[in-house]
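Data file: entry_33.txt. Format and content: compact mmCIF, N, CA and C atoms.
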# COMPACT_ATOMS: atom_id res chain seq x y z
N MET U 201 -15.94 -26.88 -33.13
CA MET U 201 -16.16 -27.24 -31.74
C MET U 201 -14.85 -27.24 -30.96
N THR U 202 -13.80 -27.70 -31.58
CA THR U 202 -12.49 -27.73 -30.92
C THR U 202 -12.02 -26.32 -30.62
N GLY U 203 -12.29 -25.40 -31.52
CA GLY U 203 -11.88 -24.00 -31.31
C GLY U 203 -12.55 -23.40 -30.08
N VAL U 204 -13.83 -23.71 -29.87
CA VAL U 204 -14.56 -23.18 -28.72
C VAL U 204 -13.96 -23.73 -27.43
N ILE U 205 -13.60 -25.00 -27.42
CA ILE U 205 -13.01 -25.61 -26.23
C ILE U 205 -11.64 -24.99 -25.94
N VAL U 206 -10.84 -24.79 -26.97
CA VAL U 206 -9.51 -24.20 -26.79
C VAL U 206 -9.64 -22.76 -26.29
N LEU U 207 -10.53 -21.97 -26.90
CA LEU U 207 -10.70 -20.59 -26.47
C LEU U 207 -11.27 -20.51 -25.05
N SER U 208 -12.16 -21.42 -24.71
CA SER U 208 -12.69 -21.46 -23.35
C SER U 208 -11.57 -21.77 -22.35
N GLY U 209 -10.72 -22.71 -22.71
CA GLY U 209 -9.58 -23.04 -21.84
C GLY U 209 -8.64 -21.87 -21.68
N VAL U 210 -8.39 -21.15 -22.76
CA VAL U 210 -7.50 -19.99 -22.70
C VAL U 210 -8.11 -18.92 -21.80
N ILE U 211 -9.40 -18.69 -21.91
CA ILE U 211 -10.07 -17.68 -21.08
C ILE U 211 -10.03 -18.08 -19.61
N VAL U 212 -10.26 -19.35 -19.32
CA VAL U 212 -10.21 -19.82 -17.93
C VAL U 212 -8.80 -19.64 -17.36
N VAL U 213 -7.79 -19.96 -18.14
CA VAL U 213 -6.40 -19.79 -17.69
C VAL U 213 -6.10 -18.31 -17.47
N MET U 214 -6.56 -17.44 -18.36
CA MET U 214 -6.33 -16.00 -18.21
C MET U 214 -6.99 -15.47 -16.93
N ILE U 215 -8.19 -15.91 -16.63
CA ILE U 215 -8.89 -15.47 -15.43
C ILE U 215 -8.16 -15.99 -14.19
N ALA U 216 -7.68 -17.23 -14.24
CA ALA U 216 -6.95 -17.79 -13.10
C ALA U 216 -5.64 -17.03 -12.86
N VAL U 217 -4.92 -16.71 -13.92
CA VAL U 217 -3.66 -15.97 -13.78
C VAL U 217 -3.94 -14.56 -13.25
N PHE U 218 -4.99 -13.93 -13.75
CA PHE U 218 -5.33 -12.60 -13.25
C PHE U 218 -5.68 -12.65 -11.77
N GLY U 219 -6.46 -13.64 -11.35
CA GLY U 219 -6.81 -13.78 -9.94
C GLY U 219 -5.59 -14.01 -9.07
N TRP U 220 -4.68 -14.87 -9.53
CA TRP U 220 -3.44 -15.12 -8.78
C TRP U 220 -2.63 -13.83 -8.65
N PHE U 221 -2.47 -13.10 -9.76
CA PHE U 221 -1.69 -11.87 -9.73
C PHE U 221 -2.35 -10.81 -8.87
N TYR U 222 -3.67 -10.74 -8.90
CA TYR U 222 -4.39 -9.76 -8.08
C TYR U 222 -4.06 -9.95 -6.61
N PHE U 223 -4.12 -11.19 -6.12
CA PHE U 223 -3.84 -11.44 -4.71
C PHE U 223 -2.34 -11.33 -4.41
N TYR U 224 -1.49 -11.73 -5.34
CA TYR U 224 -0.04 -11.64 -5.14
C TYR U 224 0.41 -10.18 -5.10
N SER U 225 -0.24 -9.32 -5.89
CA SER U 225 0.20 -7.92 -5.95
C SER U 225 -0.12 -7.16 -4.67
N ARG U 226 -0.87 -7.74 -3.75
CA ARG U 226 -1.17 -7.10 -2.48
C ARG U 226 -0.26 -7.59 -1.36
N THR U 227 0.77 -8.35 -1.67
CA THR U 227 1.69 -8.86 -0.66
C THR U 227 2.94 -7.99 -0.58
N PRO U 228 3.65 -8.00 0.56
CA PRO U 228 4.90 -7.24 0.66
C PRO U 228 5.97 -7.73 -0.32
N ALA U 229 5.93 -9.00 -0.69
CA ALA U 229 6.92 -9.53 -1.64
C ALA U 229 6.82 -8.80 -2.99
N TRP U 230 5.62 -8.51 -3.43
CA TRP U 230 5.44 -7.80 -4.71
C TRP U 230 5.89 -6.35 -4.58
N GLY U 231 5.64 -5.74 -3.43
CA GLY U 231 6.00 -4.33 -3.25
C GLY U 231 7.49 -4.07 -3.36
N GLN U 232 8.32 -5.05 -3.03
CA GLN U 232 9.78 -4.87 -3.07
C GLN U 232 10.44 -5.59 -4.24
N SER U 233 9.65 -6.16 -5.16
CA SER U 233 10.24 -6.99 -6.21
C SER U 233 10.82 -6.15 -7.34
N ASP U 234 11.81 -6.74 -8.01
CA ASP U 234 12.43 -6.09 -9.17
C ASP U 234 11.46 -6.03 -10.35
N THR U 235 10.57 -7.01 -10.45
CA THR U 235 9.59 -7.01 -11.54
C THR U 235 8.68 -5.80 -11.43
N ARG U 236 8.22 -5.49 -10.23
CA ARG U 236 7.35 -4.33 -10.04
C ARG U 236 8.09 -3.05 -10.40
N LYS U 237 9.34 -2.94 -9.99
CA LYS U 237 10.13 -1.75 -10.30
C LYS U 237 10.35 -1.60 -11.80
N ALA U 238 10.60 -2.73 -12.48
CA ALA U 238 10.78 -2.68 -13.93
C ALA U 238 9.48 -2.28 -14.64
N LEU U 239 8.35 -2.81 -14.19
CA LEU U 239 7.07 -2.43 -14.79
C LEU U 239 6.76 -0.96 -14.55
N LEU U 240 7.06 -0.46 -13.37
CA LEU U 240 6.83 0.95 -13.08
C LEU U 240 7.71 1.83 -13.97
N ASN U 241 8.98 1.47 -14.14
CA ASN U 241 9.86 2.23 -15.02
C ASN U 241 9.35 2.22 -16.45
N MET U 242 8.84 1.07 -16.91
CA MET U 242 8.30 0.99 -18.27
C MET U 242 7.07 1.88 -18.41
N MET U 243 6.21 1.90 -17.39
CA MET U 243 5.02 2.75 -17.45
C MET U 243 5.39 4.23 -17.44
N VAL U 244 6.46 4.59 -16.72
CA VAL U 244 6.91 5.97 -16.70
C VAL U 244 7.39 6.40 -18.08
N VAL U 245 8.00 5.48 -18.82
CA VAL U 245 8.51 5.79 -20.16
C VAL U 245 7.38 5.79 -21.19
N VAL U 246 6.50 4.79 -21.14
CA VAL U 246 5.47 4.63 -22.15
C VAL U 246 4.23 5.48 -21.85
N GLY U 247 3.95 5.77 -20.59
CA GLY U 247 2.74 6.48 -20.20
C GLY U 247 2.53 7.83 -20.86
N PRO U 248 3.55 8.69 -20.94
CA PRO U 248 3.33 9.99 -21.55
C PRO U 248 2.89 9.93 -23.02
N ILE U 249 3.20 8.85 -23.70
CA ILE U 249 2.75 8.70 -25.09
C ILE U 249 1.23 8.72 -25.14
N PHE U 250 0.58 8.16 -24.11
CA PHE U 250 -0.87 8.08 -24.06
C PHE U 250 -1.48 9.16 -23.17
N GLY U 251 -0.68 10.12 -22.72
CA GLY U 251 -1.18 11.23 -21.92
C GLY U 251 -1.20 10.98 -20.42
N ASN U 252 -0.63 9.88 -19.97
CA ASN U 252 -0.58 9.59 -18.53
C ASN U 252 0.82 9.91 -18.02
N HIS U 253 0.90 10.79 -17.04
CA HIS U 253 2.19 11.18 -16.48
C HIS U 253 2.28 10.70 -15.04
N TYR U 254 3.43 10.17 -14.69
CA TYR U 254 3.67 9.67 -13.33
C TYR U 254 4.03 10.84 -12.44
N ARG U 255 3.29 10.99 -11.36
CA ARG U 255 3.57 12.04 -10.39
C ARG U 255 3.96 11.39 -9.07
N ARG U 256 5.13 11.74 -8.59
CA ARG U 256 5.57 11.19 -7.32
C ARG U 256 4.78 11.83 -6.19
N GLU U 257 4.59 11.05 -5.11
CA GLU U 257 3.91 11.58 -3.94
C GLU U 257 4.81 12.61 -3.28
N PRO U 258 4.22 13.69 -2.74
CA PRO U 258 5.07 14.66 -2.06
C PRO U 258 5.72 14.04 -0.83
N PRO U 259 6.92 14.47 -0.48
CA PRO U 259 7.59 13.88 0.68
C PRO U 259 6.82 14.18 1.96
N GLU U 260 6.94 13.27 2.91
CA GLU U 260 6.26 13.45 4.19
C GLU U 260 6.96 14.53 4.99
N ILE U 261 6.17 15.38 5.63
CA ILE U 261 6.73 16.47 6.42
C ILE U 261 7.40 15.88 7.66
N PRO U 262 8.67 16.21 7.90
CA PRO U 262 9.34 15.65 9.07
C PRO U 262 8.76 16.21 10.36
N SER U 263 8.74 15.39 11.37
CA SER U 263 8.24 15.84 12.68
C SER U 263 9.22 15.38 13.76
N VAL U 264 9.24 16.13 14.84
CA VAL U 264 10.12 15.83 15.95
C VAL U 264 9.25 15.58 17.17
N SER U 265 9.53 14.52 17.88
CA SER U 265 8.79 14.23 19.10
C SER U 265 9.76 13.74 20.17
N ALA U 266 9.43 14.07 21.40
CA ALA U 266 10.27 13.67 22.52
C ALA U 266 9.82 12.31 23.02
N PRO U 267 10.74 11.51 23.53
CA PRO U 267 10.34 10.20 24.06
C PRO U 267 9.52 10.37 25.33
N GLY U 268 8.65 9.43 25.58
CA GLY U 268 7.81 9.45 26.78
C GLY U 268 8.60 9.02 28.00
N PRO U 269 7.97 9.06 29.17
CA PRO U 269 8.67 8.64 30.38
C PRO U 269 8.99 7.14 30.34
N ASP U 270 10.11 6.78 30.96
CA ASP U 270 10.54 5.38 30.96
C ASP U 270 9.66 4.51 31.84
N GLU U 271 9.25 5.03 32.99
CA GLU U 271 8.47 4.24 33.93
C GLU U 271 7.12 4.89 34.15
N ASP U 272 6.10 4.08 34.29
CA ASP U 272 4.78 4.59 34.61
C ASP U 272 4.71 4.93 36.09
N ASP U 273 3.95 5.95 36.39
CA ASP U 273 3.74 6.32 37.79
C ASP U 273 2.80 5.31 38.41
N GLU U 274 3.21 4.67 39.49
CA GLU U 274 2.40 3.62 40.08
C GLU U 274 1.43 4.13 41.14
N ARG U 275 1.44 5.41 41.42
CA ARG U 275 0.48 5.96 42.36
C ARG U 275 -0.89 6.05 41.70
N PRO U 276 -1.97 5.89 42.48
CA PRO U 276 -3.30 6.02 41.88
C PRO U 276 -3.55 7.47 41.47
N ALA U 277 -4.36 7.63 40.45
CA ALA U 277 -4.67 8.97 39.96
C ALA U 277 -5.47 9.73 41.02
N ARG U 278 -5.18 10.99 41.16
CA ARG U 278 -5.90 11.80 42.14
C ARG U 278 -6.66 12.88 41.40
N ILE U 279 -7.95 12.88 41.59
CA ILE U 279 -8.79 13.88 40.95
C ILE U 279 -9.38 14.73 42.07
N SER U 280 -9.02 15.99 42.08
CA SER U 280 -9.53 16.87 43.14
C SER U 280 -10.75 17.62 42.64
N PRO U 281 -11.68 17.90 43.53
CA PRO U 281 -12.88 18.62 43.11
C PRO U 281 -12.54 20.05 42.71
N PRO U 282 -13.34 20.61 41.82
CA PRO U 282 -13.04 21.98 41.41
C PRO U 282 -13.20 22.96 42.57
N GLY U 283 -12.29 23.90 42.61
CA GLY U 283 -12.33 24.91 43.67
C GLY U 283 -13.33 26.01 43.35
N PRO U 284 -13.49 26.97 44.24
CA PRO U 284 -14.46 28.05 44.03
C PRO U 284 -14.11 28.94 42.85
N SER U 285 -12.82 29.03 42.49
CA SER U 285 -12.42 29.90 41.38
C SER U 285 -12.64 29.23 40.03
N GLU U 286 -12.93 27.96 40.02
CA GLU U 286 -13.05 27.25 38.73
C GLU U 286 -14.48 27.18 38.30
Would you put the structure from the file into structure tokens?
Amino acid sequence: MTGVIVLSGVIVVMIAVFGWFYFYSRTPAWGQSDTRKALLNMMVVVGPIFGNHYRREPPEIPSVSAPGPDEDDERPARISPPGPSE
């Protein structure tokens, strides 16, 4: 009977720790942590043993854009009716 209670307690603690880690891993603090980087490096080393290879995302294509106007035009918009050629 004592064994069942101990194992039940261990399972409850494991579920609680998993739930805490699940929500913590979605925060910006986890994204920049050294622990995450160390785990990723370990997975990169150990993963190929099991057939899983880490593939980096392709770099984002650079784009160039011009800045918009500094001031908005304060005149009301003018919509003219279509002419005979339109």
State, in Å with one decimal place, the distance from CA of Ser225 in chain U to atom N of Ala238 in chain U.
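Rounded to one decimal, the two atoms are 13.3 Å apart.
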Would you work out the distance separating CA of His253 in chain U from CA of Asn241 in chain U, expressed in Å to one decimal?
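Taking CA of His253 in chain U and CA of Asn241 in chain U, their separation equals 11.9 Å.
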note - CA of Ala216 in chain U and atom C of Thr235 in chain U are separated by 19.8 Å
Which residues, written as number ranges by chain, have at least one atom at most 12 Å from Arg236 in chain U, with only C-alpha atoms counted and residues fewer than 4 positions away on the same chain left out?
U: 221, 224-232, 240-243
Taking all atoms of range 206-212 of chain U that appear in the file, build a box with edges along x, y and z, extend it by 8 Å on every side, and state its centre and edge lengths in Å to one decimal, as lines of an AutoDock Vina configuration file.
center_x = -10.1
center_y = -21.2
center_z = -22.2
size_x = 21.2
size_y = 23.1
size_z = 25.6
May I have the protein, DNA and RNA residues with any atom at most 8 Å from the point (4.8, 9.0, -13.3), counting all atoms listed in the file, written as a PyMOL selection string?
chain U and resi 240+243-245+247-248+252-256
